[in-house]
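*Asks:* Okay, here's the structure, questions in a sec.
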Amino acid sequence: MKLVRNAERAGDEAAPLDMLMALFQARGWPCETAAEELTGEIQGSWATYQLRAIWRADDQVLQLLCLPDIRVGAEKRRVAHELLALINEQTWLGHFDMWSNGGILLYRNGTMLADDRLLTLEQAQSLVEIAVEECDRFYPAFQFVLWGDKSPGDALKAAMVDAAGEA
């Protein structure tokens, strides 16, 4: 998902949502903005992810949410929370969460920007890449628990196995 830098199109740095919009446009990803929020879609390895970026100017925080369109029914919430705890031990930036209203799984990352409140192209690209890569990395574990009835520990082990070679 590497983006070739195009300084003429996006500039070196810009307001957070403007920079993310430039990144999405450069990649041909659909997106739209409203007030202090950008929403868009990105095709990952396992699914199309909805991405939301919310800019909180008062706090100088850009919150990025990546939603893999997985809803957890009430009967699976206990094991889903156990899996989330195991997964979050494996993540370095951001974390996975489940909204109590509707059982929607998501990846969340909050980034505090410097006093100039600008986001560089490299930062924007990294934030989006990390979100999609983390969702892709753990998507199979969610499938194993929610649809394959594996235990959270077994699901995480199975999802973390890297394939060797090519088919």
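Chain identifiers are assigned as A, B, and so on, following the order in which chains appear in the structure tokens; residues are numbered from 1 within each chain, and ligands are numbered from 1 in order of appearance.
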Write out as a ChimeraX atom specification each polymer residue whose atoms come within 12 Å of Gln143 of chain A, counting only C-alpha atoms; drop sequence neighbours fewer than 4 positions from it.

*Replies:* /A:46-47,68-72,76,80,83,105,135-139,147-152,154-156,158-159

*Asks:* Dump C-alpha atoms for the selected residues as a PDB file, in the first residue's frame?

*Replies:*
ATOM      1  CA  TRP A  46      -9.673  -9.803   3.820  1.00  0.00           C
ATOM      2  CA  ALA A  47     -12.382  -7.173   3.519  1.00  0.00           C
ATOM      3  CA  PRO A  68     -13.739  -4.263   9.417  1.00  0.00           C
ATOM      4  CA  ASP A  69     -17.574  -4.597   9.268  1.00  0.00           C
ATOM      5  CA  ILE A  70     -17.731  -7.262  11.952  1.00  0.00           C
ATOM      6  CA  ARG A  71     -20.597  -7.216  14.409  1.00  0.00           C
ATOM      7  CA  VAL A  72     -20.490  -9.423  17.473  1.00  0.00           C
ATOM      8  CA  LYS A  76     -20.206 -14.158  21.430  1.00  0.00           C
ATOM      9  CA  ALA A  80     -14.740 -11.565  21.623  1.00  0.00           C
ATOM     10  CA  LEU A  83      -9.776 -12.198  22.009  1.00  0.00           C
ATOM     11  CA  LEU A 105     -15.393  -4.233  16.201  1.00  0.00           C
ATOM     12  CA  CYS A 135      -7.088  -5.161  10.695  1.00  0.00           C
ATOM     13  CA  ASP A 136      -5.744  -7.531   8.043  1.00  0.00           C
ATOM     14  CA  ARG A 137      -3.428  -9.213  10.545  1.00  0.00           C
ATOM     15  CA  PHE A 138      -6.174 -10.025  13.049  1.00  0.00           C
ATOM     16  CA  TYR A 139      -9.228 -10.433  10.791  1.00  0.00           C
ATOM     17  CA  TRP A 147     -17.722 -18.253  12.998  1.00  0.00           C
ATOM     18  CA  GLY A 148     -15.334 -21.144  13.612  1.00  0.00           C
ATOM     19  CA  ASP A 149     -15.997 -21.542  17.351  1.00  0.00           C
ATOM     20  CA  LYS A 150     -12.288 -21.644  18.191  1.00  0.00           C
ATOM     21  CA  SER A 151     -11.105 -20.476  21.588  1.00  0.00           C
ATOM     22  CA  PRO A 152      -9.570 -16.968  21.600  1.00  0.00           C
ATOM     23  CA  ASP A 154      -6.314 -20.941  19.488  1.00  0.00           C
ATOM     24  CA  ALA A 155      -7.760 -18.373  17.096  1.00  0.00           C
ATOM     25  CA  LEU A 156      -4.922 -15.947  17.761  1.00  0.00           C
ATOM     26  CA  ALA A 158      -3.837 -19.770  14.036  1.00  0.00           C
ATOM     27  CA  ALA A 159      -4.086 -16.207  12.754  1.00  0.00           C
TER      28      ALA A 159
END

*Asks:* May I have a table of the residues of segment 38-68 of chain A lying at most 9 Å from segment 111-132 of chain A, giving each one's closest pair of atoms and their distance in Å to one decimal, counting only C-alpha atoms, ordered by chain and ascending residue number, as a tab-separated table?

*Replies:*
residue	atom	partner	partner_atom	distance
A:Ile42	CA	A:Val132	CA	8.0
A:Gln43	CA	A:Val132	CA	8.6
A:Gly44	CA	A:Val132	CA	6.4
A:Ser45	CA	A:Val132	CA	8.8
A:Tyr49	CA	A:Val132	CA	7.6
A:Leu51	CA	A:Val128	CA	8.3
A:Ala57	CA	A:Arg117	CA	7.9
A:Asp59	CA	A:Met112	CA	7.7
A:Gln60	CA	A:Leu113	CA	5.6
A:Val61	CA	A:Met112	CA	4.4
A:Leu62	CA	A:Thr111	CA	5.2
A:Gln63	CA	A:Thr111	CA	6.3
A:Leu64	CA	A:Leu127	CA	7.7
A:Leu65	CA	A:Ala131	CA	7.7
A:Cys66	CA	A:Ala131	CA	6.1

*Asks:* Dump all heavy atoms for the selected residues as an mmCIF file, in the first residue's frame?

*Replies:*
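Result saved to part30.cif:
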data_model
loop_
_atom_site.group_PDB
_atom_site.id
_atom_site.type_symbol
_atom_site.label_atom_id
_atom_site.label_comp_id
_atom_site.auth_asym_id
_atom_site.auth_seq_id
_atom_site.Cartn_x
_atom_site.Cartn_y
_atom_site.Cartn_z
ATOM 1 N N ILE A 42 -11.358 1.446 2.188
ATOM 2 C CA ILE A 42 -10.095 0.920 1.688
ATOM 3 C C ILE A 42 -10.223 -0.594 1.596
ATOM 4 O O ILE A 42 -10.669 -1.244 2.550
ATOM 5 C CB ILE A 42 -8.922 1.279 2.632
ATOM 6 C CG1 ILE A 42 -8.755 2.791 2.715
ATOM 7 C CG2 ILE A 42 -7.637 0.611 2.172
ATOM 8 C CD1 ILE A 42 -7.722 3.242 3.721
ATOM 9 N N GLN A 43 -9.826 -1.154 0.475
ATOM 10 C CA GLN A 43 -9.839 -2.603 0.318
ATOM 11 C C GLN A 43 -8.607 -3.187 0.977
ATOM 12 O O GLN A 43 -7.479 -2.854 0.621
ATOM 13 C CB GLN A 43 -9.864 -2.977 -1.171
ATOM 14 C CG GLN A 43 -9.901 -4.473 -1.423
ATOM 15 C CD GLN A 43 -11.150 -5.132 -0.844
ATOM 16 O OE1 GLN A 43 -12.248 -4.670 -1.043
ATOM 17 N NE2 GLN A 43 -10.965 -6.226 -0.127
ATOM 18 N N GLY A 44 -8.817 -4.039 1.959
ATOM 19 C CA GLY A 44 -7.728 -4.749 2.611
ATOM 20 C C GLY A 44 -7.585 -6.125 1.998
ATOM 21 O O GLY A 44 -8.204 -6.448 0.979
ATOM 22 N N SER A 45 -6.784 -6.957 2.633
ATOM 23 C CA SER A 45 -6.582 -8.328 2.144
ATOM 24 C C SER A 45 -7.806 -9.205 2.369
ATOM 25 O O SER A 45 -8.067 -10.115 1.597
ATOM 26 C CB SER A 45 -5.388 -8.971 2.854
ATOM 27 O OG SER A 45 -4.212 -8.280 2.544
ATOM 28 N N TYR A 49 -12.560 -2.112 4.363
ATOM 29 C CA TYR A 49 -12.631 -1.481 5.667
ATOM 30 C C TYR A 49 -13.158 -0.056 5.530
ATOM 31 O O TYR A 49 -12.756 0.672 4.623
ATOM 32 C CB TYR A 49 -11.256 -1.433 6.332
ATOM 33 C CG TYR A 49 -10.622 -2.787 6.490
ATOM 34 C CD1 TYR A 49 -9.402 -3.077 5.893
ATOM 35 C CD2 TYR A 49 -11.244 -3.782 7.229
ATOM 36 C CE1 TYR A 49 -8.813 -4.322 6.036
ATOM 37 C CE2 TYR A 49 -10.665 -5.036 7.376
ATOM 38 C CZ TYR A 49 -9.445 -5.302 6.778
ATOM 39 O OH TYR A 49 -8.875 -6.537 6.919
ATOM 40 N N LEU A 51 -12.951 3.551 6.950
ATOM 41 C CA LEU A 51 -11.995 4.323 7.723
ATOM 42 C C LEU A 51 -12.625 5.668 8.069
ATOM 43 O O LEU A 51 -13.222 6.305 7.207
ATOM 44 C CB LEU A 51 -10.712 4.539 6.924
ATOM 45 C CG LEU A 51 -9.587 5.089 7.775
ATOM 46 C CD1 LEU A 51 -8.455 4.086 7.820
ATOM 47 C CD2 LEU A 51 -9.128 6.406 7.250
ATOM 48 N N ALA A 57 -9.736 19.650 17.146
ATOM 49 C CA ALA A 57 -8.810 20.784 17.155
ATOM 50 C C ALA A 57 -8.486 21.254 18.572
ATOM 51 O O ALA A 57 -7.347 21.620 18.857
ATOM 52 C CB ALA A 57 -9.384 21.934 16.327
ATOM 53 N N ASP A 59 -8.108 19.624 21.237
ATOM 54 C CA ASP A 59 -7.132 18.728 21.865
ATOM 55 C C ASP A 59 -5.921 18.464 20.982
ATOM 56 O O ASP A 59 -4.974 17.801 21.410
ATOM 57 C CB ASP A 59 -7.789 17.383 22.205
ATOM 58 C CG ASP A 59 -8.955 17.536 23.146
ATOM 59 O OD1 ASP A 59 -8.883 18.393 24.046
ATOM 60 O OD2 ASP A 59 -9.940 16.799 22.983
ATOM 61 N N GLN A 60 -5.976 18.912 19.718
ATOM 62 C CA GLN A 60 -4.932 18.649 18.725
ATOM 63 C C GLN A 60 -4.748 17.149 18.503
ATOM 64 O O GLN A 60 -3.636 16.653 18.308
ATOM 65 C CB GLN A 60 -3.607 19.286 19.129
ATOM 66 C CG GLN A 60 -3.660 20.793 19.177
ATOM 67 C CD GLN A 60 -2.387 21.392 19.703
ATOM 68 O OE1 GLN A 60 -2.441 22.266 20.542
ATOM 69 N NE2 GLN A 60 -1.236 20.945 19.242
ATOM 70 N N VAL A 61 -5.861 16.404 18.494
ATOM 71 C CA VAL A 61 -5.820 14.944 18.355
ATOM 72 C C VAL A 61 -6.562 14.526 17.094
ATOM 73 O O VAL A 61 -7.692 14.949 16.848
ATOM 74 C CB VAL A 61 -6.450 14.257 19.590
ATOM 75 C CG1 VAL A 61 -6.569 12.756 19.365
ATOM 76 C CG2 VAL A 61 -5.615 14.539 20.827
ATOM 77 N N LEU A 62 -5.902 13.689 16.326
ATOM 78 C CA LEU A 62 -6.510 13.044 15.175
ATOM 79 C C LEU A 62 -6.793 11.603 15.570
ATOM 80 O O LEU A 62 -5.876 10.854 15.910
ATOM 81 C CB LEU A 62 -5.565 13.081 13.966
ATOM 82 C CG LEU A 62 -6.063 12.361 12.716
ATOM 83 C CD1 LEU A 62 -7.314 13.043 12.153
ATOM 84 C CD2 LEU A 62 -4.962 12.305 11.668
ATOM 85 N N GLN A 63 -8.062 11.247 15.570
ATOM 86 C CA GLN A 63 -8.436 9.875 15.894
ATOM 87 C C GLN A 63 -8.785 9.156 14.596
ATOM 88 O O GLN A 63 -9.568 9.659 13.795
ATOM 89 C CB GLN A 63 -9.629 9.839 16.850
ATOM 90 C CG GLN A 63 -9.982 8.451 17.261
ATOM 91 C CD GLN A 63 -10.999 8.396 18.377
ATOM 92 O OE1 GLN A 63 -11.053 7.402 19.035
ATOM 93 N NE2 GLN A 63 -11.798 9.413 18.606
ATOM 94 N N LEU A 64 -8.177 8.004 14.419
ATOM 95 C CA LEU A 64 -8.403 7.207 13.224
ATOM 96 C C LEU A 64 -9.072 5.907 13.643
ATOM 97 O O LEU A 64 -8.572 5.202 14.529
ATOM 98 C CB LEU A 64 -7.061 6.911 12.545
ATOM 99 C CG LEU A 64 -7.110 6.424 11.120
ATOM 100 C CD1 LEU A 64 -7.594 7.541 10.204
ATOM 101 C CD2 LEU A 64 -5.741 5.972 10.679
ATOM 102 N N LEU A 65 -10.203 5.611 13.023
ATOM 103 C CA LEU A 65 -10.940 4.376 13.283
ATOM 104 C C LEU A 65 -10.973 3.566 11.995
ATOM 105 O O LEU A 65 -11.237 4.113 10.926
ATOM 106 C CB LEU A 65 -12.375 4.671 13.717
ATOM 107 C CG LEU A 65 -12.588 5.650 14.860
ATOM 108 C CD1 LEU A 65 -14.067 5.941 15.033
ATOM 109 C CD2 LEU A 65 -11.984 5.121 16.129
ATOM 110 N N CYS A 66 -10.715 2.277 12.113
ATOM 111 C CA CYS A 66 -10.802 1.376 10.974
ATOM 112 C C CYS A 66 -11.772 0.270 11.366
ATOM 113 O O CYS A 66 -11.550 -0.437 12.353
ATOM 114 C CB CYS A 66 -9.424 0.818 10.627
ATOM 115 S SG CYS A 66 -9.363 -0.053 9.044
#

*Asks:* For each of A:Leu67, A:Met160, A:Ala74, A:Ala85, take the minimum atom-to-atom distance to Tyr107 of chain A, counting only C-alpha atoms, then give the residue where this is smallest.

*Replies:* A:Leu67

*Asks:* Using only C-alpha atoms, which protein or nucleic acid residues come within 8 Å of Gly94 of chain A? Drop anything in the same chain fewer than 3 positions from it, and give the result as a list in words.

*Replies:*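 Here the answer would be Thr91, Tyr107, Arg108, Asn109 and Gly110 of chain A.
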
*Asks:* Would you please give, as a ChimeraX atom specification, all residues of segment 59-143 of chain A that DSSP assigns to alpha helix (DSSP H) based on the backbone?

*Replies:* /A:77-88,121-143
